[in-house]
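S.K.: My structure file final_7.txt, compact mmCIF, C-alpha atoms, is below:
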```txt
# COMPACT_ATOMS: atom_id res chain seq x y z
CA MET K 10 21.95 0.65 -35.22
CA THR K 11 19.78 -1.56 -33.04
CA LEU K 12 18.31 -0.45 -29.74
CA ASP K 13 20.40 -2.92 -27.75
CA SER K 14 23.58 -1.59 -29.35
CA ALA K 15 22.43 1.94 -28.48
CA PHE K 16 22.01 0.97 -24.85
CA SER K 17 25.35 -0.85 -24.88
CA ARG K 18 27.42 2.01 -26.25
CA ALA K 19 25.85 4.38 -23.70
CA GLY K 20 26.47 2.16 -20.72
CA LEU K 21 22.85 1.21 -20.17
CA SER K 22 22.97 -2.49 -20.80
CA GLY K 23 24.61 -3.63 -17.59
CA PRO K 24 27.76 -5.75 -17.39
CA ALA K 25 28.75 -7.25 -20.68
CA ARG K 26 28.67 -11.00 -21.12
CA SER K 27 31.97 -12.82 -20.95
CA PRO K 28 33.35 -13.83 -24.34
CA GLY K 29 32.32 -17.28 -25.39
CA THR K 30 29.37 -17.65 -23.02
CA ALA K 31 26.08 -18.91 -24.35
CA PRO K 32 23.25 -16.42 -24.93
CA ARG K 33 21.15 -15.84 -21.84
CA ARG K 34 17.64 -17.27 -22.00
CA GLU K 35 14.63 -15.11 -21.46
CA ARG K 36 13.61 -14.83 -17.82
CA GLY K 37 10.73 -17.14 -16.98
CA PHE K 38 7.37 -15.73 -15.99
CA ALA K 39 6.95 -17.71 -12.78
CA GLY K 40 10.29 -16.83 -11.23
CA THR K 41 10.24 -13.21 -12.39
CA ALA K 42 6.72 -12.69 -11.07
CA ALA K 43 7.54 -14.35 -7.76
CA GLY K 44 10.60 -12.18 -7.21
CA ALA K 45 9.22 -8.87 -8.46
CA LEU K 46 5.77 -9.10 -6.89
CA GLY K 47 7.32 -10.55 -3.74
CA VAL K 48 9.37 -7.38 -3.34
CA ALA K 49 6.24 -5.30 -3.98
CA ALA K 50 4.52 -7.21 -1.19
CA VAL K 51 7.45 -6.47 1.12
CA PHE K 52 7.07 -2.80 0.25
CA GLY K 53 3.39 -3.10 1.12
CA GLY K 54 4.32 -4.34 4.59
CA PHE K 55 6.95 -1.61 4.86
CA ALA K 56 4.32 0.99 3.96
CA LEU K 57 1.95 -0.32 6.63
CA ALA K 58 4.75 -0.17 9.21
CA LEU K 59 5.48 3.43 8.25
CA GLU K 60 1.80 4.31 8.55
CA PHE K 61 1.77 2.86 12.07
CA LEU K 62 4.98 4.61 13.10
CA ALA K 63 3.76 7.92 11.67
CA GLY K 64 0.88 7.76 14.12
CA HIS K 65 3.44 7.74 16.94
CA SER K 66 5.88 10.21 15.38
CA PRO K 67 7.53 12.74 17.69
CA ARG K 68 7.21 15.28 14.86
CA LEU K 69 10.75 16.50 15.34
CA GLY K 70 12.65 18.74 12.98
CA PRO K 71 11.71 20.83 9.95
CA VAL K 72 8.65 20.42 7.75
CA SER K 73 8.12 20.94 4.05
CA GLU K 74 5.85 23.98 4.41
CA GLY K 75 7.85 27.19 4.28
CA TRP K 76 11.09 25.42 3.36
CA ALA K 77 11.39 26.99 -0.11
CA ALA K 78 10.67 30.50 1.13
CA ALA K 79 13.41 30.21 3.76
CA VAL K 80 16.16 29.20 1.32
CA PRO K 81 17.16 32.69 0.05
CA HIS K 82 17.53 33.96 3.61
CA ASP K 83 18.83 30.93 5.54
CA ALA K 84 22.10 29.19 4.65
CA PHE K 85 21.14 26.03 6.53
CA ALA K 86 17.79 25.83 4.71
CA ALA K 87 19.68 26.34 1.43
CA LEU K 88 22.06 23.47 2.25
CA ARG K 89 19.11 21.23 3.14
CA TRP K 90 17.40 22.19 -0.13
CA PHE K 91 20.53 21.37 -2.14
CA LEU K 92 20.75 17.94 -0.51
CA GLY K 93 17.00 17.42 -0.80
CA ASP K 94 17.23 17.98 -4.55
CA MET K 95 19.15 14.70 -4.82
CA SER K 96 16.11 12.70 -3.71
CA GLU K 97 13.47 14.91 -5.31
CA PRO K 98 13.39 12.87 -8.56
CA GLN K 99 11.84 10.05 -6.48
CA PHE K 100 9.38 12.61 -4.99
CA TYR K 101 10.93 12.26 -1.52
CA LYS K 102 12.64 15.69 -1.17
CA SER K 103 14.47 14.95 2.06
CA GLU K 104 18.07 15.54 3.02
CA LEU K 105 18.10 12.29 5.02
CA ALA K 106 16.95 10.36 1.95
CA SER K 107 19.67 12.00 -0.15
CA LEU K 108 22.37 11.30 2.42
CA GLY K 109 21.19 7.69 2.55
CA LEU K 110 21.42 7.46 -1.24
CA LEU K 111 24.97 8.81 -1.24
CA ALA K 112 26.03 6.60 1.68
CA GLY K 113 24.60 3.48 0.01
CA ALA K 114 26.26 4.33 -3.30
CA GLY K 115 29.56 5.05 -1.57
CA LEU K 116 29.41 1.70 0.21
CA ALA K 117 28.58 -0.04 -3.08
CA TRP K 118 31.55 1.67 -4.76
CA TRP K 119 33.91 0.63 -1.95
CA ALA K 120 32.61 -2.94 -1.90
CA GLY K 121 32.63 -3.23 -5.68
CA ARG K 122 36.25 -2.15 -5.93
CA ARG K 123 37.10 -4.91 -3.45
CA ARG K 124 35.01 -7.51 -5.29
CA LYS K 125 32.62 -8.08 -2.40
CA ARG K 126 29.75 -10.33 -3.41
CA TRP K 127 27.24 -8.14 -1.53
CA ALA K 128 28.17 -5.01 -3.48
CA GLY K 129 25.12 -5.36 -5.71
CA ALA K 130 24.95 -4.35 -9.35
CA PRO K 131 28.01 -2.37 -10.50
CA LEU K 132 27.36 1.34 -10.08
CA VAL K 133 26.57 3.33 -13.22
CA TYR K 134 26.20 0.16 -15.28
CA GLY K 135 29.73 -1.07 -14.64
CA THR K 136 31.35 1.83 -16.49
CA GLY K 137 33.59 2.82 -13.57
CA LEU K 138 32.45 6.44 -14.05
CA TRP K 139 30.61 6.90 -10.75
CA PRO K 140 33.09 9.39 -9.19
CA TRP K 141 33.08 11.57 -12.31
CA LEU K 142 29.31 11.29 -12.68
CA LEU K 143 28.75 12.25 -9.03
CA ALA K 144 31.13 15.21 -9.31
CA SER K 145 29.43 16.51 -12.45
CA THR K 146 25.89 16.07 -11.16
CA ALA K 147 26.67 17.64 -7.78
CA LEU K 148 28.35 20.64 -9.42
CA GLY K 149 25.48 21.07 -11.87
CA LEU K 150 23.03 20.92 -8.99
CA LEU K 151 25.03 23.49 -7.04
CA LEU K 152 25.07 25.86 -10.00
CA SER K 153 21.32 25.45 -10.43
CA ASN K 154 20.74 26.23 -6.77
CA LEU K 155 23.01 29.27 -6.85
CA ALA K 156 21.39 30.63 -10.00
CA PHE K 157 17.74 29.95 -9.20
CA GLY K 158 17.64 29.50 -5.44
CA ARG K 159 16.92 33.21 -4.98
CA MET K 160 13.54 32.60 -6.67
CA LEU K 161 12.45 30.14 -3.98
CA ASP K 162 10.95 32.84 -1.77
CA ALA K 163 8.12 32.86 -4.33
CA GLY K 164 7.61 29.10 -3.85
CA TRP K 165 8.95 25.79 -5.14
CA GLN K 166 11.28 25.86 -8.14
CA PRO K 167 12.65 22.88 -10.17
CA THR K 168 16.27 23.32 -9.11
CA PHE K 169 16.77 19.53 -8.99
CA VAL K 170 16.47 18.78 -12.71
CA PRO K 171 20.19 18.92 -13.73
CA PHE K 172 21.02 16.18 -11.21
CA VAL K 173 19.29 13.46 -13.21
CA SER K 174 19.64 14.58 -16.80
CA VAL K 175 22.31 16.50 -18.68
CA ALA K 176 25.35 16.14 -16.40
CA PRO K 177 25.27 12.34 -15.95
CA ALA K 178 24.35 11.79 -19.60
CA VAL K 179 27.34 13.83 -20.80
CA VAL K 180 29.72 11.87 -18.55
CA LEU K 181 28.33 8.55 -19.77
CA VAL K 182 28.66 9.52 -23.43
CA TYR K 183 32.02 11.32 -23.35
CA GLY K 184 33.75 9.55 -20.49
CA PRO K 185 35.90 10.66 -17.56
CA GLY K 186 37.92 13.85 -17.10
CA TRP K 187 37.47 17.36 -15.82
CA LYS K 188 36.56 18.75 -19.23
CA THR K 189 33.63 16.36 -19.48
CA CYS K 190 32.70 16.83 -15.83
CA LEU K 191 32.62 20.63 -16.01
CA SER K 192 30.94 20.69 -19.43
CA GLY K 193 28.10 18.48 -18.23
CA ALA K 194 27.64 20.49 -15.05
CA VAL K 195 27.60 23.91 -16.73
CA LEU K 196 25.46 22.89 -19.71
CA GLY K 197 23.02 21.16 -17.39
CA ALA K 198 22.57 24.18 -15.16
CA LEU K 199 22.26 26.57 -18.11
CA THR K 200 19.65 24.56 -20.00
CA THR K 201 17.59 22.26 -17.80
CA THR K 202 16.25 24.50 -15.04
CA PRO K 203 15.40 27.46 -17.34
CA LEU K 204 13.57 25.13 -19.72
CA ALA K 205 11.66 23.58 -16.82
CA LEU K 206 10.58 27.02 -15.60
CA LEU K 207 9.46 27.95 -19.12
CA LEU K 208 7.52 24.72 -19.70
CA ILE K 209 5.80 24.84 -16.33
CA SER K 210 4.25 28.18 -17.24
CA THR K 211 3.57 27.41 -20.91
CA VAL K 212 2.67 23.70 -20.90
CA SER K 213 1.85 22.23 -17.50
CA ALA K 214 -0.13 25.14 -16.07
CA PRO K 215 -2.32 25.87 -19.15
CA LEU K 216 -3.08 22.17 -19.68
CA GLY K 217 -3.70 21.44 -16.01
CA LEU K 218 -0.86 18.92 -15.88
CA PRO K 219 1.44 18.42 -12.90
CA ALA K 220 4.79 20.21 -12.93
CA VAL K 221 6.64 16.92 -13.34
CA VAL K 222 5.50 16.75 -16.99
CA ALA K 223 7.24 20.06 -17.70
CA CYS K 224 10.30 18.99 -15.70
CA VAL K 225 10.89 15.74 -17.58
CA LEU K 226 10.17 17.39 -20.92
CA ALA K 227 12.76 20.00 -19.98
CA MET K 228 15.26 17.24 -19.23
CA ALA K 229 14.67 15.68 -22.64
CA LEU K 230 14.93 18.98 -24.54
CA ALA K 231 17.96 20.07 -22.51
CA MET K 232 19.78 16.83 -23.32
CA VAL K 233 18.99 17.18 -27.02
CA LEU K 234 20.23 20.80 -26.96
CA THR K 235 23.32 19.88 -24.93
CA PHE K 236 24.42 17.04 -27.21
CA ALA K 237 23.90 19.27 -30.24
CA ILE K 238 26.15 21.89 -28.60
CA ALA K 239 28.67 19.22 -27.58
CA ARG K 240 29.29 18.41 -31.25
CA LYS K 241 30.77 21.92 -31.61
CA LEU K 242 32.98 21.76 -28.52
CA PRO K 243 36.48 20.64 -29.55
CA TRP K 244 37.39 19.32 -26.08
CA LEU K 245 34.53 16.78 -26.10
CA VAL K 246 35.47 13.75 -28.19
CA LEU K 247 33.48 10.55 -28.45
CA PRO K 248 35.45 7.53 -27.21
CA ALA K 249 36.11 4.71 -29.65
CA GLU K 250 34.49 2.16 -27.31
CA PRO K 251 32.01 2.43 -24.42
CA PHE K 252 33.61 2.60 -21.00
CA GLN K 253 33.40 -0.71 -19.15
CA GLU K 254 35.21 -1.59 -15.95
CA GLU K 255 36.28 -5.07 -15.04
CA LEU K 256 33.40 -6.89 -13.42
CA THR K 257 33.30 -6.22 -9.71
CA GLU K 258 32.30 -9.71 -8.72
CA VAL K 259 32.95 -13.23 -9.90
CA ARG K 260 30.16 -14.25 -12.27
CA GLN K 261 29.22 -17.70 -13.39
CA PRO K 262 28.56 -18.28 -17.09
CA PRO K 263 24.85 -17.80 -17.79
CA SER K 264 22.84 -20.98 -17.93
CA SER K 265 20.23 -21.94 -20.46
CA VAL K 266 18.50 -24.18 -17.90
CA PRO K 267 15.40 -22.52 -16.44
CA SER K 268 15.72 -21.67 -12.76
CA VAL K 269 12.76 -20.17 -10.94
CA LYS K 270 14.94 -19.32 -7.95
CA CYS K 271 17.51 -17.54 -10.12
CA ASP K 272 14.83 -15.57 -11.94
CA ALA K 273 13.14 -14.60 -8.67
CA ARG K 274 16.42 -13.37 -7.20
CA TRP K 275 17.21 -11.37 -10.33
CA ALA K 276 13.73 -9.79 -10.44
CA ALA K 277 13.83 -8.82 -6.76
CA ARG K 278 17.18 -7.12 -7.23
CA ARG K 279 16.01 -5.45 -10.43
CA VAL K 280 13.02 -3.85 -8.70
CA LEU K 281 15.26 -2.57 -5.93
CA GLN K 282 17.73 -1.11 -8.45
CA ASP K 283 14.94 0.91 -10.05
CA PHE K 284 14.76 3.14 -6.97
CA SER K 285 18.25 4.51 -7.62
CA GLU K 286 18.15 4.41 -11.42
CA ALA K 287 17.06 8.05 -11.86
CA PRO K 288 20.50 9.41 -10.81
CA PHE K 289 22.07 6.62 -12.94
CA PHE K 290 23.33 4.68 -9.88
CA ALA K 291 21.12 1.58 -10.40
CA ASN K 292 22.44 -0.28 -7.37
CA GLU K 293 20.68 -2.16 -4.57
CA LEU K 294 22.75 -0.66 -1.74
CA ALA K 295 22.17 2.87 -3.05
CA SER K 296 18.44 2.16 -3.18
CA LEU K 297 18.41 0.71 0.32
CA GLY K 298 20.23 3.76 1.65
CA LEU K 299 17.71 6.03 -0.07
CA LEU K 300 14.74 4.09 1.32
CA LEU K 301 16.09 3.87 4.86
CA GLY K 302 16.88 7.58 4.80
CA VAL K 303 13.42 8.64 3.67
CA ALA K 304 11.80 6.22 6.10
CA ALA K 305 13.77 7.75 8.98
CA ALA K 306 12.76 11.24 7.86
CA PHE K 307 9.10 10.21 7.67
CA VAL K 308 9.08 8.63 11.11
CA LEU K 309 10.77 11.68 12.63
CA ASN K 310 8.29 14.02 10.98
CA PRO K 311 5.74 12.89 8.35
CA ALA K 312 5.23 16.53 7.34
CA LEU K 313 8.64 16.72 5.60
CA PRO K 314 9.10 13.99 2.92
CA ALA K 315 6.98 13.89 -0.23
CA TYR K 316 6.28 17.62 0.04
CA GLY K 317 4.60 17.22 3.40
CA SER K 318 1.72 15.26 1.89
CA GLU K 319 2.10 12.44 4.47
CA LEU K 320 1.52 10.04 1.56
CA LEU K 321 5.03 8.56 1.51
CA PRO K 322 3.86 4.99 2.39
CA GLN K 323 1.38 4.98 -0.48
CA ILE K 324 4.00 6.41 -2.87
CA LEU K 325 6.54 3.74 -1.92
CA PHE K 326 4.08 0.91 -2.49
CA ALA K 327 2.90 2.35 -5.83
CA GLN K 328 6.49 2.75 -6.99
CA ALA K 329 7.44 -0.81 -6.06
CA LEU K 330 4.28 -2.21 -7.65
CA SER K 331 4.86 -0.26 -10.86
CA SER K 332 8.46 -1.43 -11.10
CA ALA K 333 7.45 -5.04 -10.39
CA ILE K 334 4.74 -5.06 -13.06
CA GLY K 335 7.13 -3.50 -15.57
CA VAL K 336 9.90 -6.02 -14.84
CA VAL K 337 7.50 -8.93 -15.34
CA LEU K 338 5.83 -7.43 -18.41
CA TRP K 339 9.02 -6.41 -20.23
CA ARG K 340 11.37 -9.14 -18.96
CA ALA K 341 12.26 -10.23 -22.51
CA TRP K 342 14.08 -6.95 -23.09
CA TYR K 343 16.64 -7.86 -20.41
CA ARG K 344 17.82 -10.84 -22.44
CA ASP K 345 21.56 -10.96 -23.26
CA GLY K 346 22.42 -7.97 -21.10
CA GLY K 347 19.53 -5.88 -22.43
CA TRP K 348 17.66 -3.24 -20.49
CA ALA K 349 14.19 -1.75 -20.06
CA ALA K 350 13.14 1.60 -18.59
CA THR K 351 11.03 0.04 -15.85
CA TYR K 352 12.17 2.79 -13.48
CA ALA K 353 10.50 5.51 -15.57
CA SER K 354 7.13 5.07 -13.89
CA VAL K 355 8.78 4.91 -10.46
CA VAL K 356 9.78 8.57 -10.80
CA SER K 357 6.76 9.86 -12.70
CA VAL K 358 3.37 8.22 -13.13
CA ALA K 359 3.24 6.17 -9.92
CA PRO K 360 4.01 8.95 -7.40
CA VAL K 361 2.09 11.61 -9.34
CA ALA K 362 -1.01 9.39 -9.42
CA VAL K 363 -0.82 8.91 -5.65
CA LEU K 364 -0.45 12.62 -4.98
CA THR K 365 -3.15 13.59 -7.47
CA THR K 366 -5.71 11.14 -6.03
CA GLU K 367 -4.63 11.83 -2.43
CA GLY K 368 -3.54 8.26 -1.88
CA SER K 369 -6.64 6.46 -3.16
CA TRP K 370 -6.40 2.83 -4.27
CA THR K 371 -7.35 3.96 -7.76
CA GLY K 372 -4.28 6.16 -7.84
CA ILE K 373 -1.98 3.59 -6.25
CA VAL K 374 -2.89 0.60 -8.39
CA GLY K 375 -4.07 2.43 -11.50
CA GLY K 376 -1.00 4.64 -11.64
CA ALA K 377 1.32 1.69 -11.06
CA VAL K 378 -0.26 -0.35 -13.86
CA LEU K 379 -0.56 2.46 -16.41
CA GLY K 380 3.00 3.63 -15.80
CA ALA K 381 4.42 0.12 -16.11
CA VAL K 382 2.54 -0.52 -19.35
CA LEU K 383 3.18 2.80 -21.09
CA ALA K 384 6.58 4.16 -20.07
CA PRO K 385 9.08 1.40 -21.03
CA PRO K 386 7.92 0.89 -24.64
CA VAL K 387 7.78 4.64 -25.30
CA ALA K 388 11.29 5.03 -23.89
CA ARG K 389 12.54 2.16 -26.06
CA ALA K 390 10.96 3.54 -29.22
CA VAL K 391 12.42 7.02 -28.75
CA ALA K 392 15.88 5.77 -27.73
CA ALA K 393 16.11 3.60 -30.85
CA ARG K 394 15.84 6.66 -33.06
CA LEU K 395 18.48 8.84 -31.43
CA PRO K 396 21.86 9.64 -33.00
CA LYS K 397 24.93 7.81 -31.71
CA ASP K 398 26.14 10.77 -29.64
CA PHE K 399 22.77 11.39 -27.93
CA HIS K 400 22.28 9.46 -24.70
CA PRO K 401 19.31 7.02 -24.70
CA SER K 402 18.02 8.50 -21.43
CA ILE K 403 16.39 11.16 -23.59
CA GLY K 404 13.87 8.45 -24.45
CA ASN K 405 13.27 7.73 -20.78
CA THR K 406 12.38 11.33 -19.96
CA VAL K 407 10.12 11.62 -23.00
CA ALA K 408 8.40 8.44 -21.85
CA MET K 409 7.85 9.89 -18.38
CA ALA K 410 6.15 12.94 -19.84
CA VAL K 411 3.98 10.98 -22.27
CA ALA K 412 2.98 8.30 -19.77
CA THR K 413 2.09 10.87 -17.10
CA ALA K 414 0.12 13.08 -19.48
CA VAL K 415 -1.86 10.07 -20.77
CA SER K 416 -2.36 8.29 -17.45
CA LEU K 417 -3.80 11.09 -15.35
CA PRO K 418 -6.86 11.72 -17.57
CA VAL K 419 -7.51 7.97 -17.67
CA LEU K 420 -7.33 7.75 -13.89
CA GLY K 421 -9.77 10.64 -13.69
CA LEU K 422 -12.36 8.52 -15.48
CA LEU K 423 -12.09 5.69 -12.95
CA PRO K 424 -14.17 5.56 -9.79
CA GLY K 425 -12.26 6.70 -6.71
```
As a first step, turn the structure in this file into structure tokens.

M.R.:
Amino acid sequence: MTLDSAFSRAGLSGPARSPGTAPRRERGFAGTAAGALGVAAVFGGFALALEFLAGHSPRLGPVSEGWAAAVPHDAFAALRWFLGDMSEPQFYKSELASLGLLAGAGLAWWAGRRRKRWAGAPLVYGTGLWPWLLASTALGLLLSNLAFGRMLDAGWQPTFVPFVSVAPAVVLVYGPGWKTCLSGAVLGALTTTPLALLLISTVSAPLGLPAVVACVLAMALAMVLTFAIARKLPWLVLPAEPFQEELTEVRQPPSSVPSVKCDARWAARRVLQDFSEAPFFANELASLGLLLGVAAAFVLNPALPAYGSELLPQILFAQALSSAIGVVLWRAWYRDGGWAATYASVVSVAPVAVLTTEGSWTGIVGGAVLGAVLAPPVARAVAARLPKDFHPSIGNTVAMAVATAVSLPVLGLLPG
């Protein structure tokens, strides 16, 4: 089984090509670079604007400090924490960011069903599984919060991890239905968070690595364990063919004639999609909702998003730059409906490097480059070796752990 077929059967290759169309050429360097790096430049301007607005912030509303400790004793804090978990994979941890993500995805779903041209990329890779995926991930997240939220009075806990790992992967592999939905939610809550807690104390802490390394390793191990268990569950049956909805917009047959403008437009959209790829949404409107939500939260009170570090502008620019470099560098893998894990650094190396170096240019640029270079090929190599009934996102989480663990020591050798 080839890697591209692995991505295709798991719903990771994007909309399928129409029968009879000619193979899609490789994206050109000039157009891809112009689009991807152009978006990164826009993010740079956005980051500067946020820095300016933060200096005039009214500092209204809650802050990150003390939030975790309040959760076991305050129902409103617990609700905010549950919502915040939905944007924690991007290192934002803000209920406004999460609500923006959900609102953008909901709008994309509505527009896609009505074939609106502005709907963006089909949600969840055009599988039509977004409602089931959202239900499973939200339920898994709720179970994680109910089971481990009581531990938050001792400090931060990785309650967010089921939202972007086991539950959505199970839905994508086994398809729609309440049996799949509930199985993914329960298995995710039972495996991912406990493994993350174990690995934080036995791997990250002893080795001096950030907690994110343990969290993404836990996601990978939990998915492996879950899919091994799923083989023994009689109500989970692999579908004969991958789920694929009808395309949500009218598409022209791909052209073999180079078009810088077309490549630039594709690359710009691809970078934007990376911001909502972690929860498997991969849609421009979902990403815009997420970004607008976290920007609003930061302007209202810079001491809330990104764990109160006040480094959100630097994180956003590093994430966009890392995605842009990855899209340009690995553009050949997108040929013929292919896919590359360019988002992996967006939710691991890039933000961790910024936080670790306290927003230095070494962390911003170095983390963006190292993440873009290391994460996608590691993800591809691991995914190619997985069994048919194991979702390829296992490779993505392994890549996040490896790239982060390798990049941080390298950054430590560079001048600040």

S.K.: Which residue, K:Leu181, K:Ala128, K:Val303, K:Ala49, has the smallest gap to Ser103 in chain K when you use only C-alpha atoms?

M.R.: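 Using only C-alpha atoms, Ser103 in chain K sits closest to K:Val303.
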
S.K.: Please report the interatomic distance between CA of Leu234 in chain K and CA of Gly404 in chain K in Å with one decimal.

M.R.: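 Separation between CA of Leu234 in chain K and CA of Gly404 in chain K: 14.1 Å.
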
S.K.: As an exercise, work out the distance from CA of Gly70 in chain K to CA of Leu309 in chain K in Å and give it to one decimal place.

M.R.: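 Separation between CA of Gly70 in chain K and CA of Leu309 in chain K: 7.3 Å.
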
S.K.: List the spatial neighbours of range 66-69 of chain K as a PDB file with C-alpha atoms, in the frame of the given file - criterion: any atom at most 8 Å away, all atoms listed in the file, same-chain residues fewer than 5 positions off excluded.

M.R.:
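Below is the file that was written, selection-v2.pdb:
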```
ATOM      1  CA  VAL K 308       9.080   8.630  11.110  1.00  0.00           C
ATOM      2  CA  LEU K 309      10.770  11.680  12.630  1.00  0.00           C
ATOM      3  CA  ASN K 310       8.290  14.020  10.980  1.00  0.00           C
ATOM      4  CA  PRO K 311       5.740  12.890   8.350  1.00  0.00           C
ATOM      5  CA  ALA K 312       5.230  16.530   7.340  1.00  0.00           C
TER       6      ALA K 312
END
```

S.K.: What is the distance between CA of Gly93 in chain K and CA of Ser107 in chain K, in Å to one decimal?

M.R.: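 For CA of Gly93 in chain K relative to CA of Ser107 in chain K, the distance reads 6.1 Å.
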
S.K.: Which of these residues is nearest to Leu132 in chain K, using all atoms listed in the file: K:Ser331, K:Ser318, K:Thr351, K:Gln282?

M.R.: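 The answer is K:Gln282, which sits nearest to Leu132 in chain K.
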
S.K.: Using all atoms listed in the file, which of K:Ser96, K:Ser153, K:Ser192, K:Thr41 sits nearest Leu299 in chain K?

M.R.: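 Ranking K:Ser96, K:Ser153, K:Ser192, K:Thr41 by distance to Leu299 in chain K, first place goes to K:Ser96.
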
S.K.: Counting all atoms listed in the file, which of K:Pro424, K:Gly335, K:Lys397, K:Trp342 gets nearest to Leu383 in chain K?

M.R.: K:Gly335

S.K.: When you look at Ala333 in chain K with a cut-off of 9 Å (counting all atoms listed in the file), what residues show up, excluding the ones that are within fewer than 6 positions of it in the same chain? I need them as a list in words.

M.R.: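 Neighbouring residues, sequence-local ones excluded: Thr41, Ala42, Gly44, Ala45, Leu46, Gly47, Val48, Ala49, Ala276, Ala277, Arg279, Val280, Thr351 and Ala381 of chain K.
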
S.K.: Using all atoms listed in the file, which of the listed residues (K:Arg89, K:Lys188, K:Arg124, K:His82) sits closest to Ser145 in chain K?

M.R.: K:Lys188

S.K.: Give me the residues within 9 Å of Leu281 in chain K as an MDAnalysis selection string, counting all atoms listed in the file and dropping any in the same chain fewer than 5 places off.

M.R.: chainID K and resid 48 276 291:294 296:297 329 332

S.K.: Check the smallest atom-to-atom distance from each of K:Asn405, K:Gly421, K:Val355, K:Ala306 to Leu62 in chain K using only C-alpha atoms, then report the winner.

M.R.: K:Ala306

S.K.: Need to verify the contact set: Cys224 in chain K, 10 Å, all atoms listed in the file, exclusion of same-chain residues closer than 3 positions in sequence. Can you return it as a list in words?

M.R.: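 Surrounding residues, per the criterion: Pro98, Pro167, Thr168, Phe169, Val170, Thr201, Thr202, Leu204, Ala205, Leu206, Leu207, Leu208, Ile209, Ser213, Pro219, Ala220, Val221, Ala227, Met228, Ala229, Leu230, Thr406, Met409 and Ala410 of chain K.
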
S.K.: May I have the residues within 12 Å of range 246-249 of chain K as a PyMOL selection string, using only C-alpha atoms and disregarding those fewer than 6 positions away in the same chain?

M.R.: chain K and resi 18-19+179-186+188-189+236+239-240+397-400

S.K.: Dig up all the protein and nucleic acid residues within 7 Å of (14.3, 28.2, 0.0) in the file frame, using all atoms listed in the file, and format them as a CSV table (one decimal) with C-alpha atoms, in the frame of the given file.

M.R.:
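Once written, point.csv looks like this:
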```csv
chain,number,residue,atom,x,y,z
K,76,TRP,CA,11.1,25.4,3.4
K,77,ALA,CA,11.4,27.0,-0.1
K,78,ALA,CA,10.7,30.5,1.1
K,79,ALA,CA,13.4,30.2,3.8
K,80,VAL,CA,16.2,29.2,1.3
K,81,PRO,CA,17.2,32.7,0.0
K,86,ALA,CA,17.8,25.8,4.7
K,87,ALA,CA,19.7,26.3,1.4
K,90,TRP,CA,17.4,22.2,-0.1
K,158,GLY,CA,17.6,29.5,-5.4
K,161,LEU,CA,12.4,30.1,-4.0
K,162,ASP,CA,11.0,32.8,-1.8
```

S.K.: Around (23.9, 12.9, -17.9) in the file's own coordinates, what residues are found within 10 Å if you use only C-alpha atoms, given back as a PyMOL selection string?

M.R.: chain K and resi 142+145-146+171-183+190+193-194+197+228+232+235+288-289+400+402-403
